[in-house]
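K.L.:
Before anything else, here's the structure in question.
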Amino acid sequence: MPTSVSSSGAQRDLRIDFFRGLALLFIFVDHVPDNVLAKFTLRNFGFSDAAEVFVLLAGFSAVLAYSRVFEGQGFKAGLNRVFDRVRDIYIWHLALIVICSIGLTSAASYFGNFSYAQNIGVHVFSLDPARSTVMAALLVNQPNSLNILPLYVVLMMVWVPFVLWLIQRNPWQALVLSVGLWAAANLLSMNLPSLIHPNGWVFNPFAWQLLITIGALTAHFSRQGPLPVSRPLMWLALGYVAFAFLFVAPWTQIPGLEKARLFSPDMLGNVDKTYLSGWRLLHVVALGYLALILLSPQTQWLTRAWATGIGRLGRHSLEIFSVGTILSFVGWVVLVEAGYGLALQILVNIIGIGILLGMAWALAQRNRGTDWVFVQSVQRFFTERRGSGVQASPA
């Protein structure tokens, strides 16, 4: 989750911030089990979901954030910059595991509902605390909904520096190697071990590295000038997105239309997420290509207040993702205990999204060096007290 900057260094690419922020909102909504709003997120309208969008944009923004350091200061300096970010992601991941494990275990004990801990997989810390803790530190123990940050740690630490180094020399070779690794992972079932999931990591880094690479290559060529628009390729992408929409058939969630499908759900086989099925890969690449050619980095509507609010989420993706994950668990417990009424579901979503938007605004103020009015008032109060004390002391 590198910090996104513009290729020019003068203006941000607002598309990155906006779509990454939108993906964060989708992830929050999707992580609340049986959430009514989850019927309107990306996963219901095509093969891919917010996770693919997020990883693709991570590769794009990695080039914008780090490539100049690799080019201007050398590989070692660039590696240090990337490792600084890896350290931050790793610390946030461990903190997230601790907070969610304590919170969900406490909820399970208080409400007498063991599923809060078991469904997420944090119950292993109670069964075998020492081994589970060590495995979590080694990224082998990945509770459910807490398994995407380990993917970033591994790819940012191992794959991203290699890709950033290679694309400066032979970008097409980087793509060939990446596709080869993705194909090998699918053909040979290559994956890293997992304590909870017998088939390995939910987000298999050997497969998902391809999205990072595609995003990085796109940013690399974008820095050299606007990418040429191919009308046949645009219509092909539109056609594929339309096919994915018709195949997934989101209207089947409407009562009475459950069987109104145009295609058999088994026609394409297993559209696997762990190994990044080709169907999912092509879908997110098609969406990315359409966004790239149809929107400019400074498209006017991206500067409007509502889009800017979503964009702030994308600028602080690590913090927003982490807090959003905690809020999704809180929302889950609230809905289970209080009932899944429509009004309460909407309220949980509004409160959660509102907290995330407010947090993103606060982080933006902090980064601009702007203190909140409350903080300014406190500082002014103590300044005046110190001043009055100094004046009074000679008397």
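Numbering starts fresh at 1 for the residues of each chain in the structure tokens, the chains themselves are lettered A, B, ... in the order given, and ligands are numbered from 1 as they appear.
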Using only C-alpha atoms, determine which residues lie at most 12 Å from Arg43 (chain A), disregarding the query and same-chain residues fewer than 3 positions distant; provide the list as a list in words.
P.N.:
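These residues fall inside the cut-off: Ala23, Phe26, Ile27, Val29, Asp30, Leu37, Ala38, Lys39, Phe40, Gly46, Phe47, Ser48, Asp49, Ala50, Ala51, Glu52, Val53, Ala244, Phe245, Val248, Ala249, Pro250, Lys273, Arg280, His283 and Val284 of chain A.
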K.L.:
I'd like the contact shell of region 173-177 of chain A - 9 Å cut-off, only C-alpha atoms, skipping same-chain residues fewer than 2 positions apart - returned as a CSV table (one decimal) with all heavy atoms, in the first residue's frame.
P.N.:
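Listed below is the output, selection_17.csv:
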chain,number,residue,atom,x,y,z
A,162,PHE,N,12.3,-6.1,-7.1
A,162,PHE,CA,12.8,-6.8,-8.3
A,162,PHE,C,12.1,-6.3,-9.6
A,162,PHE,O,12.8,-6.0,-10.6
A,162,PHE,CB,12.5,-8.3,-8.2
A,162,PHE,CG,12.8,-9.1,-9.5
A,162,PHE,CD1,14.1,-9.3,-10.0
A,162,PHE,CD2,11.7,-9.6,-10.2
A,162,PHE,CE1,14.3,-10.0,-11.1
A,162,PHE,CE2,11.9,-10.3,-11.4
A,162,PHE,CZ,13.2,-10.5,-11.8
A,163,VAL,N,10.8,-6.1,-9.5
A,163,VAL,CA,10.0,-5.6,-10.7
A,163,VAL,C,10.5,-4.1,-11.0
A,163,VAL,O,10.7,-3.8,-12.1
A,163,VAL,CB,8.5,-5.6,-10.4
A,163,VAL,CG1,7.8,-4.8,-11.5
A,163,VAL,CG2,8.1,-7.1,-10.4
A,166,LEU,N,13.8,-4.3,-12.7
A,166,LEU,CA,13.8,-5.0,-14.0
A,166,LEU,C,13.1,-4.1,-15.1
A,166,LEU,O,13.5,-4.1,-16.2
A,166,LEU,CB,13.1,-6.4,-13.9
A,166,LEU,CG,13.2,-7.2,-15.2
A,166,LEU,CD1,14.6,-7.4,-15.7
A,166,LEU,CD2,12.5,-8.6,-15.0
A,167,ILE,N,12.0,-3.4,-14.7
A,167,ILE,CA,11.2,-2.7,-15.7
A,167,ILE,C,12.0,-1.5,-16.3
A,167,ILE,O,11.7,-1.0,-17.4
A,167,ILE,CB,9.9,-2.2,-15.2
A,167,ILE,CG1,10.0,-1.3,-14.0
A,167,ILE,CG2,9.0,-3.4,-14.9
A,167,ILE,CD1,8.7,-0.7,-13.6
A,169,ARG,N,15.0,-1.8,-17.2
A,169,ARG,CA,15.9,-2.4,-18.1
A,169,ARG,C,15.2,-3.2,-19.2
A,169,ARG,O,15.5,-3.1,-20.4
A,169,ARG,CB,16.9,-3.4,-17.4
A,169,ARG,CG,17.8,-2.6,-16.5
A,169,ARG,CD,18.4,-3.5,-15.3
A,169,ARG,NE,19.3,-2.7,-14.5
A,169,ARG,CZ,18.9,-1.9,-13.6
A,169,ARG,NH1,17.6,-1.7,-13.3
A,169,ARG,NH2,19.8,-1.2,-12.9
A,170,ASN,N,14.2,-4.0,-18.9
A,170,ASN,CA,13.5,-4.8,-19.9
A,170,ASN,C,12.1,-5.0,-19.3
A,170,ASN,O,11.8,-6.1,-18.7
A,170,ASN,CB,14.2,-6.1,-20.1
A,170,ASN,CG,13.6,-6.8,-21.4
A,170,ASN,OD1,12.5,-6.7,-21.7
A,170,ASN,ND2,14.5,-7.5,-22.1
A,171,PRO,N,11.1,-4.1,-19.5
A,171,PRO,CA,9.8,-4.2,-19.0
A,171,PRO,C,9.0,-5.5,-19.5
A,171,PRO,O,8.3,-6.1,-18.7
A,171,PRO,CB,9.1,-2.9,-19.4
A,171,PRO,CG,9.9,-2.4,-20.5
A,171,PRO,CD,11.3,-2.8,-20.3
A,179,VAL,N,4.1,-13.6,-15.7
A,179,VAL,CA,3.0,-14.5,-16.3
A,179,VAL,C,3.5,-16.0,-16.1
A,179,VAL,O,2.7,-16.8,-15.7
A,179,VAL,CB,2.8,-14.2,-17.8
A,179,VAL,CG1,1.9,-15.3,-18.4
A,179,VAL,CG2,2.2,-12.8,-17.9
A,180,GLY,N,4.8,-16.2,-16.3
A,180,GLY,CA,5.3,-17.6,-16.1
A,180,GLY,C,5.1,-18.1,-14.6
A,180,GLY,O,4.7,-19.2,-14.4
A,181,LEU,N,5.4,-17.2,-13.7
A,181,LEU,CA,5.2,-17.5,-12.3
A,181,LEU,C,3.7,-17.8,-11.9
A,181,LEU,O,3.4,-18.7,-11.2
A,181,LEU,CB,5.8,-16.4,-11.4
A,181,LEU,CG,5.8,-16.7,-9.9
A,181,LEU,CD1,6.5,-18.0,-9.5
A,181,LEU,CD2,6.4,-15.5,-9.1
A,182,TRP,N,2.9,-16.9,-12.5
A,182,TRP,CA,1.4,-17.1,-12.3
A,182,TRP,C,0.9,-18.4,-12.8
A,182,TRP,O,0.2,-19.2,-12.2
A,182,TRP,CB,0.7,-15.9,-12.9
A,182,TRP,CG,-0.8,-16.1,-13.0
A,182,TRP,CD1,-1.7,-15.9,-12.0
A,182,TRP,CD2,-1.6,-16.5,-14.1
A,182,TRP,NE1,-3.0,-16.1,-12.4
A,182,TRP,CE2,-2.9,-16.5,-13.7
A,182,TRP,CE3,-1.2,-16.9,-15.4
A,182,TRP,CZ2,-3.9,-16.9,-14.6
A,182,TRP,CZ3,-2.3,-17.2,-16.3
A,182,TRP,CH2,-3.6,-17.3,-15.9
A,210,LEU,N,1.2,-11.2,-10.2
A,210,LEU,CA,0.9,-10.7,-11.6
A,210,LEU,C,0.2,-9.4,-11.7
A,210,LEU,O,0.4,-8.6,-12.5
A,210,LEU,CB,0.2,-11.8,-12.4
A,210,LEU,CG,-0.2,-11.5,-13.8
A,210,LEU,CD1,1.1,-11.2,-14.6
A,210,LEU,CD2,-0.9,-12.7,-14.5
A,213,THR,N,2.5,-6.6,-11.0
A,213,THR,CA,3.4,-6.4,-12.2
A,213,THR,C,2.7,-5.7,-13.2
A,213,THR,O,3.2,-4.7,-13.8
A,213,THR,CB,3.9,-7.8,-12.7
A,213,THR,OG1,4.6,-8.5,-11.6
A,213,THR,CG2,4.9,-7.5,-13.8
A,214,ILE,N,1.4,-6.0,-13.5
A,214,ILE,CA,0.7,-5.4,-14.6
A,214,ILE,C,0.4,-3.9,-14.2
A,214,ILE,O,0.6,-3.0,-15.0
A,214,ILE,CB,-0.7,-6.1,-14.8
A,214,ILE,CG1,-0.4,-7.5,-15.4
A,214,ILE,CG2,-1.6,-5.2,-15.7
A,214,ILE,CD1,-1.7,-8.3,-15.5
A,217,LEU,N,3.8,-2.0,-14.7
A,217,LEU,CA,4.1,-1.8,-16.1
A,217,LEU,C,3.3,-0.7,-16.7
A,217,LEU,O,3.7,0.1,-17.5
A,217,LEU,CB,4.0,-3.1,-16.8
A,217,LEU,CG,5.0,-4.2,-16.6
A,217,LEU,CD1,4.6,-5.5,-17.3
A,217,LEU,CD2,6.4,-3.7,-17.2
K.L.:
Report, in Å with one decimal, the straight-line distance from CA of Val241 (chain A) to CA of Leu282 (chain A).
P.N.:
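These two atoms are separated by 9.0 Å.
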K.L.:
Counting only C-alpha atoms, which residues in region 159-198 of chain A sit no more than 8 Å from region 141-153 of chain A? For each one, give the nearest pair of atoms and the distance in Å, sorted by chain then residue number, as CSV.
P.N.:
residue,atom,partner,partner_atom,distance
A:Ser194,CA,A:Asn141,CA,6.0
A:Leu195,CA,A:Asn141,CA,4.9
A:Ile196,CA,A:Asn141,CA,6.5
K.L.:
Could you save those same residues with N, CA and C atoms as a short mmCIF file (atom, residue, chain, number, x, y, z; two decimals), in the first residue's frame?
P.N.:
data_model
loop_
_atom_site.label_atom_id
_atom_site.label_comp_id
_atom_site.auth_asym_id
_atom_site.auth_seq_id
_atom_site.Cartn_x
_atom_site.Cartn_y
_atom_site.Cartn_z
N SER A 194 -0.34 -22.35 5.35
CA SER A 194 -1.25 -21.60 6.21
C SER A 194 -1.67 -22.48 7.37
N LEU A 195 -1.76 -21.87 8.56
CA LEU A 195 -2.17 -22.62 9.74
C LEU A 195 -3.65 -22.97 9.71
N ILE A 196 -4.45 -22.09 9.15
CA ILE A 196 -5.90 -22.27 9.17
C ILE A 196 -6.42 -22.94 7.92
#
K.L.:
Write out as an MDAnalysis selection string each polymer residue whose atoms come within 9 Å of Trp251 (chain A), counting only C-alpha atoms; drop sequence neighbours fewer than 5 positions from it.
P.N.:
chainID A and resid 257:258 260:261
K.L.:
Could you name the residues that touch Val36 (chain A) at 9 Å or less, counting only C-alpha atoms, but leaving out those on the same chain fewer than 6 positions away, as an mmCIF file with N, CA and C atoms, in the first residue's frame?
P.N.:
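Result file is selection.cif:
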data_model
loop_
_atom_site.group_PDB
_atom_site.id
_atom_site.type_symbol
_atom_site.label_atom_id
_atom_site.label_comp_id
_atom_site.auth_asym_id
_atom_site.auth_seq_id
_atom_site.Cartn_x
_atom_site.Cartn_y
_atom_site.Cartn_z
ATOM 1 N N VAL A 29 -17.719 -2.983 3.531
ATOM 2 C CA VAL A 29 -19.094 -3.475 3.389
ATOM 3 C C VAL A 29 -19.112 -4.990 3.214
ATOM 4 N N LEU A 342 -33.425 -4.244 8.411
ATOM 5 C CA LEU A 342 -32.912 -3.404 7.336
ATOM 6 C C LEU A 342 -32.444 -2.051 7.868
ATOM 7 N N GLN A 345 -29.126 -2.456 9.673
ATOM 8 C CA GLN A 345 -28.042 -2.701 8.717
ATOM 9 C C GLN A 345 -27.598 -1.399 8.049
ATOM 10 N N ILE A 346 -28.560 -0.612 7.618
ATOM 11 C CA ILE A 346 -28.229 0.676 6.984
ATOM 12 C C ILE A 346 -27.519 1.583 7.976
#
K.L.:
Find the residues around Phe28 (chain A) up to 12 Å (only C-alpha atoms counted), leave out those fewer than 5 positions away in its own chain, and share them as an MDAnalysis selection string.
P.N.:
chainID A and resid 21:23 33 35 37:38 41 50:51 145 313 320:332 348:356
K.L.:
Let me see the file: selected residues, C-alpha atoms, as a PDB file, in the first residue's frame.
P.N.:
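out.pdb, freshly written:
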ATOM      1  CA  GLY A  21     -10.835   4.602  -1.659  1.00  0.00           C
ATOM      2  CA  LEU A  22     -13.877   3.078  -3.320  1.00  0.00           C
ATOM      3  CA  ALA A  23     -12.282  -0.371  -3.011  1.00  0.00           C
ATOM      4  CA  PRO A  33     -21.363 -10.878   7.019  1.00  0.00           C
ATOM      5  CA  ASN A  35     -24.663  -7.149   4.882  1.00  0.00           C
ATOM      6  CA  LEU A  37     -25.195  -3.279   1.083  1.00  0.00           C
ATOM      7  CA  ALA A  38     -22.793  -6.025  -0.015  1.00  0.00           C
ATOM      8  CA  THR A  41     -20.382  -3.954  -4.361  1.00  0.00           C
ATOM      9  CA  ALA A  50     -12.310  -4.936  -4.558  1.00  0.00           C
ATOM     10  CA  ALA A  51      -9.229  -6.985  -3.630  1.00  0.00           C
ATOM     11  CA  SER A 145     -10.450 -11.143   6.706  1.00  0.00           C
ATOM     12  CA  LEU A 313      -9.613   7.129   1.971  1.00  0.00           C
ATOM     13  CA  ILE A 320      -8.359   3.045   6.658  1.00  0.00           C
ATOM     14  CA  PHE A 321      -8.207  -0.655   5.793  1.00  0.00           C
ATOM     15  CA  SER A 322      -7.158  -1.554   9.335  1.00  0.00           C
ATOM     16  CA  VAL A 323      -9.834   0.537  11.046  1.00  0.00           C
ATOM     17  CA  GLY A 324     -12.409  -0.604   8.494  1.00  0.00           C
ATOM     18  CA  THR A 325     -11.649  -4.236   9.322  1.00  0.00           C
ATOM     19  CA  ILE A 326     -12.177  -3.594  13.036  1.00  0.00           C
ATOM     20  CA  LEU A 327     -15.420  -1.733  12.317  1.00  0.00           C
ATOM     21  CA  SER A 328     -16.679  -4.584  10.137  1.00  0.00           C
ATOM     22  CA  PHE A 329     -16.241  -7.016  13.042  1.00  0.00           C
ATOM     23  CA  VAL A 330     -18.005  -4.595  15.395  1.00  0.00           C
ATOM     24  CA  GLY A 331     -20.848  -4.259  12.897  1.00  0.00           C
ATOM     25  CA  TRP A 332     -21.077  -8.043  12.602  1.00  0.00           C
ATOM     26  CA  VAL A 348     -24.314   0.183  10.803  1.00  0.00           C
ATOM     27  CA  ASN A 349     -23.090   0.939   7.294  1.00  0.00           C
ATOM     28  CA  ILE A 350     -23.671   4.684   7.634  1.00  0.00           C
ATOM     29  CA  ILE A 351     -21.850   4.857  10.959  1.00  0.00           C
ATOM     30  CA  GLY A 352     -18.943   2.729   9.741  1.00  0.00           C
ATOM     31  CA  ILE A 353     -18.496   4.660   6.503  1.00  0.00           C
ATOM     32  CA  GLY A 354     -18.886   7.931   8.361  1.00  0.00           C
ATOM     33  CA  ILE A 355     -16.121   6.986  10.801  1.00  0.00           C
ATOM     34  CA  LEU A 356     -13.815   6.034   7.929  1.00  0.00           C
TER      35      LEU A 356
END
K.L.:
Skip Asp272 (chain A) itself and residues of its chain fewer than 6 positions away, then list as a list of chain:residue names all residues within 12 Å of it, counting only C-alpha atoms.
P.N.:
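Neighbouring residues, sequence-local ones excluded: A:Phe47, A:Ser48, A:Asn186, A:Ser189, A:Val202, A:Phe203, A:Asn204, A:Ala207, A:Trp208, A:Gly278, A:Trp279, A:Arg280, A:Leu281.
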K.L.:
Please produce a file of those selected residues containing N, CA, C and O atoms, as a PDB file, in the first residue's frame.
P.N.:
ATOM      1  N   PHE A  47     -16.475 -10.745 -12.367  1.00  0.00           N
ATOM      2  CA  PHE A  47     -15.692 -11.841 -11.801  1.00  0.00           C
ATOM      3  C   PHE A  47     -14.783 -11.386 -10.661  1.00  0.00           C
ATOM      4  O   PHE A  47     -14.543 -12.144  -9.723  1.00  0.00           O
ATOM      5  N   SER A  48     -14.247 -10.190 -10.734  1.00  0.00           N
ATOM      6  CA  SER A  48     -13.304  -9.723  -9.721  1.00  0.00           C
ATOM      7  C   SER A  48     -14.026  -8.930  -8.644  1.00  0.00           C
ATOM      8  O   SER A  48     -15.218  -8.626  -8.768  1.00  0.00           O
ATOM      9  N   ASN A 186      -0.580 -21.861 -10.853  1.00  0.00           N
ATOM     10  CA  ASN A 186      -1.854 -22.497 -11.173  1.00  0.00           C
ATOM     11  C   ASN A 186      -1.693 -23.953 -11.584  1.00  0.00           C
ATOM     12  O   ASN A 186      -2.486 -24.816 -11.195  1.00  0.00           O
ATOM     13  N   SER A 189      -0.014 -25.864  -8.399  1.00  0.00           N
ATOM     14  CA  SER A 189      -0.626 -25.572  -7.089  1.00  0.00           C
ATOM     15  C   SER A 189       0.408 -25.077  -6.086  1.00  0.00           C
ATOM     16  O   SER A 189       0.431 -25.484  -4.920  1.00  0.00           O
ATOM     17  N   VAL A 202      -4.916 -17.642   1.325  1.00  0.00           N
ATOM     18  CA  VAL A 202      -6.102 -17.270   0.554  1.00  0.00           C
ATOM     19  C   VAL A 202      -5.698 -16.393  -0.625  1.00  0.00           C
ATOM     20  O   VAL A 202      -6.217 -16.535  -1.740  1.00  0.00           O
ATOM     21  N   PHE A 203      -4.770 -15.462  -0.393  1.00  0.00           N
ATOM     22  CA  PHE A 203      -4.207 -14.638  -1.463  1.00  0.00           C
ATOM     23  C   PHE A 203      -2.810 -15.173  -1.771  1.00  0.00           C
ATOM     24  O   PHE A 203      -1.824 -14.779  -1.142  1.00  0.00           O
ATOM     25  N   ASN A 204      -2.757 -16.084  -2.726  1.00  0.00           N
ATOM     26  CA  ASN A 204      -1.506 -16.759  -3.067  1.00  0.00           C
ATOM     27  C   ASN A 204      -0.539 -15.767  -3.714  1.00  0.00           C
ATOM     28  O   ASN A 204      -0.792 -15.283  -4.823  1.00  0.00           O
ATOM     29  N   ALA A 207       0.615 -16.188  -7.382  1.00  0.00           N
ATOM     30  CA  ALA A 207      -0.348 -15.841  -8.428  1.00  0.00           C
ATOM     31  C   ALA A 207      -0.651 -14.346  -8.440  1.00  0.00           C
ATOM     32  O   ALA A 207      -0.656 -13.709  -9.498  1.00  0.00           O
ATOM     33  N   TRP A 208      -0.857 -13.776  -7.258  1.00  0.00           N
ATOM     34  CA  TRP A 208      -1.289 -12.379  -7.182  1.00  0.00           C
ATOM     35  C   TRP A 208      -0.193 -11.387  -7.531  1.00  0.00           C
ATOM     36  O   TRP A 208      -0.473 -10.213  -7.783  1.00  0.00           O
ATOM     37  N   GLY A 278      -7.898 -16.795 -14.397  1.00  0.00           N
ATOM     38  CA  GLY A 278      -7.785 -15.945 -15.576  1.00  0.00           C
ATOM     39  C   GLY A 278      -9.025 -15.113 -15.824  1.00  0.00           C
ATOM     40  O   GLY A 278      -8.938 -13.985 -16.330  1.00  0.00           O
ATOM     41  N   TRP A 279     -10.190 -15.650 -15.461  1.00  0.00           N
ATOM     42  CA  TRP A 279     -11.432 -14.894 -15.633  1.00  0.00           C
ATOM     43  C   TRP A 279     -11.424 -13.638 -14.754  1.00  0.00           C
ATOM     44  O   TRP A 279     -11.828 -12.551 -15.188  1.00  0.00           O
ATOM     45  N   ARG A 280     -10.964 -13.805 -13.516  1.00  0.00           N
ATOM     46  CA  ARG A 280     -10.884 -12.669 -12.592  1.00  0.00           C
ATOM     47  C   ARG A 280      -9.807 -11.684 -13.046  1.00  0.00           C
ATOM     48  O   ARG A 280     -10.000 -10.462 -13.001  1.00  0.00           O
ATOM     49  N   LEU A 281      -8.679 -12.217 -13.471  1.00  0.00           N
ATOM     50  CA  LEU A 281      -7.568 -11.381 -13.911  1.00  0.00           C
ATOM     51  C   LEU A 281      -7.978 -10.506 -15.090  1.00  0.00           C
ATOM     52  O   LEU A 281      -7.751  -9.286 -15.096  1.00  0.00           O
TER      53      LEU A 281
END
K.L.:
What's the 8 Å shell around region 75-91 of chain A, counting only C-alpha atoms, without same-chain residues fewer than 3 positions away, as an NGL selection string?
P.N.:
:A and (1-2 or 66-67 or 69-71 or 94-95 or 149-150 or 152-153 or 156-157 or 161 or 165 or 318)
K.L.:
Keeping N, CA and C atoms, export the residues of the selection given above as a CSV table (one decimal), in the first residue's frame.
P.N.:
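Written out: again11.csv:
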chain,number,residue,atom,x,y,z
A,1,MET,N,0.8,-1.2,0.0
A,1,MET,CA,0.0,0.0,0.0
A,1,MET,C,0.9,1.2,0.0
A,2,PRO,N,1.6,1.4,-1.0
A,2,PRO,CA,2.5,2.6,-1.1
A,2,PRO,C,1.7,3.9,-1.2
A,66,TYR,N,8.1,5.0,-5.8
A,66,TYR,CA,9.4,4.5,-5.5
A,66,TYR,C,10.4,4.5,-6.7
A,67,SER,N,9.9,4.6,-7.9
A,67,SER,CA,10.8,4.4,-9.1
A,67,SER,C,11.8,5.5,-9.2
A,69,VAL,N,13.3,7.0,-6.8
A,69,VAL,CA,14.3,6.8,-5.8
A,69,VAL,C,15.3,5.7,-6.4
A,70,PHE,N,14.7,4.6,-7.0
A,70,PHE,CA,15.5,3.6,-7.6
A,70,PHE,C,16.4,4.2,-8.7
A,71,GLU,N,15.8,5.1,-9.5
A,71,GLU,CA,16.5,5.6,-10.6
A,71,GLU,C,17.5,6.7,-10.2
A,94,LEU,N,0.2,-7.0,12.6
A,94,LEU,CA,0.2,-7.6,13.9
A,94,LEU,C,-0.7,-7.0,14.9
A,95,ALA,N,-0.7,-5.6,14.8
A,95,ALA,CA,-1.6,-4.9,15.7
A,95,ALA,C,-3.0,-5.2,15.5
A,149,LEU,N,-3.0,-8.2,4.1
A,149,LEU,CA,-1.8,-7.5,4.5
A,149,LEU,C,-0.6,-8.4,4.4
A,150,PRO,N,-0.6,-9.6,4.8
A,150,PRO,CA,0.5,-10.5,4.5
A,150,PRO,C,0.9,-10.6,3.1
A,152,TYR,N,0.7,-8.2,0.9
A,152,TYR,CA,1.5,-7.0,0.7
A,152,TYR,C,2.9,-7.0,1.2
A,153,VAL,N,3.0,-7.6,2.4
A,153,VAL,CA,4.3,-7.7,3.1
A,153,VAL,C,5.3,-8.5,2.2
A,156,MET,N,5.8,-6.7,-1.4
A,156,MET,CA,6.5,-5.5,-1.3
A,156,MET,C,8.0,-5.8,-0.9
A,157,MET,N,8.2,-6.8,-0.1
A,157,MET,CA,9.5,-7.1,0.3
A,157,MET,C,10.4,-7.9,-0.7
A,161,PRO,N,10.6,-4.7,-5.4
A,161,PRO,CA,11.9,-4.2,-5.7
A,161,PRO,C,12.5,-4.8,-6.9
A,165,TRP,N,13.3,-2.7,-10.4
A,165,TRP,CA,14.6,-2.8,-11.0
A,165,TRP,C,14.6,-3.3,-12.4
A,318,LEU,N,-3.6,2.2,4.3
A,318,LEU,CA,-3.3,1.2,5.4
A,318,LEU,C,-4.1,1.5,6.6
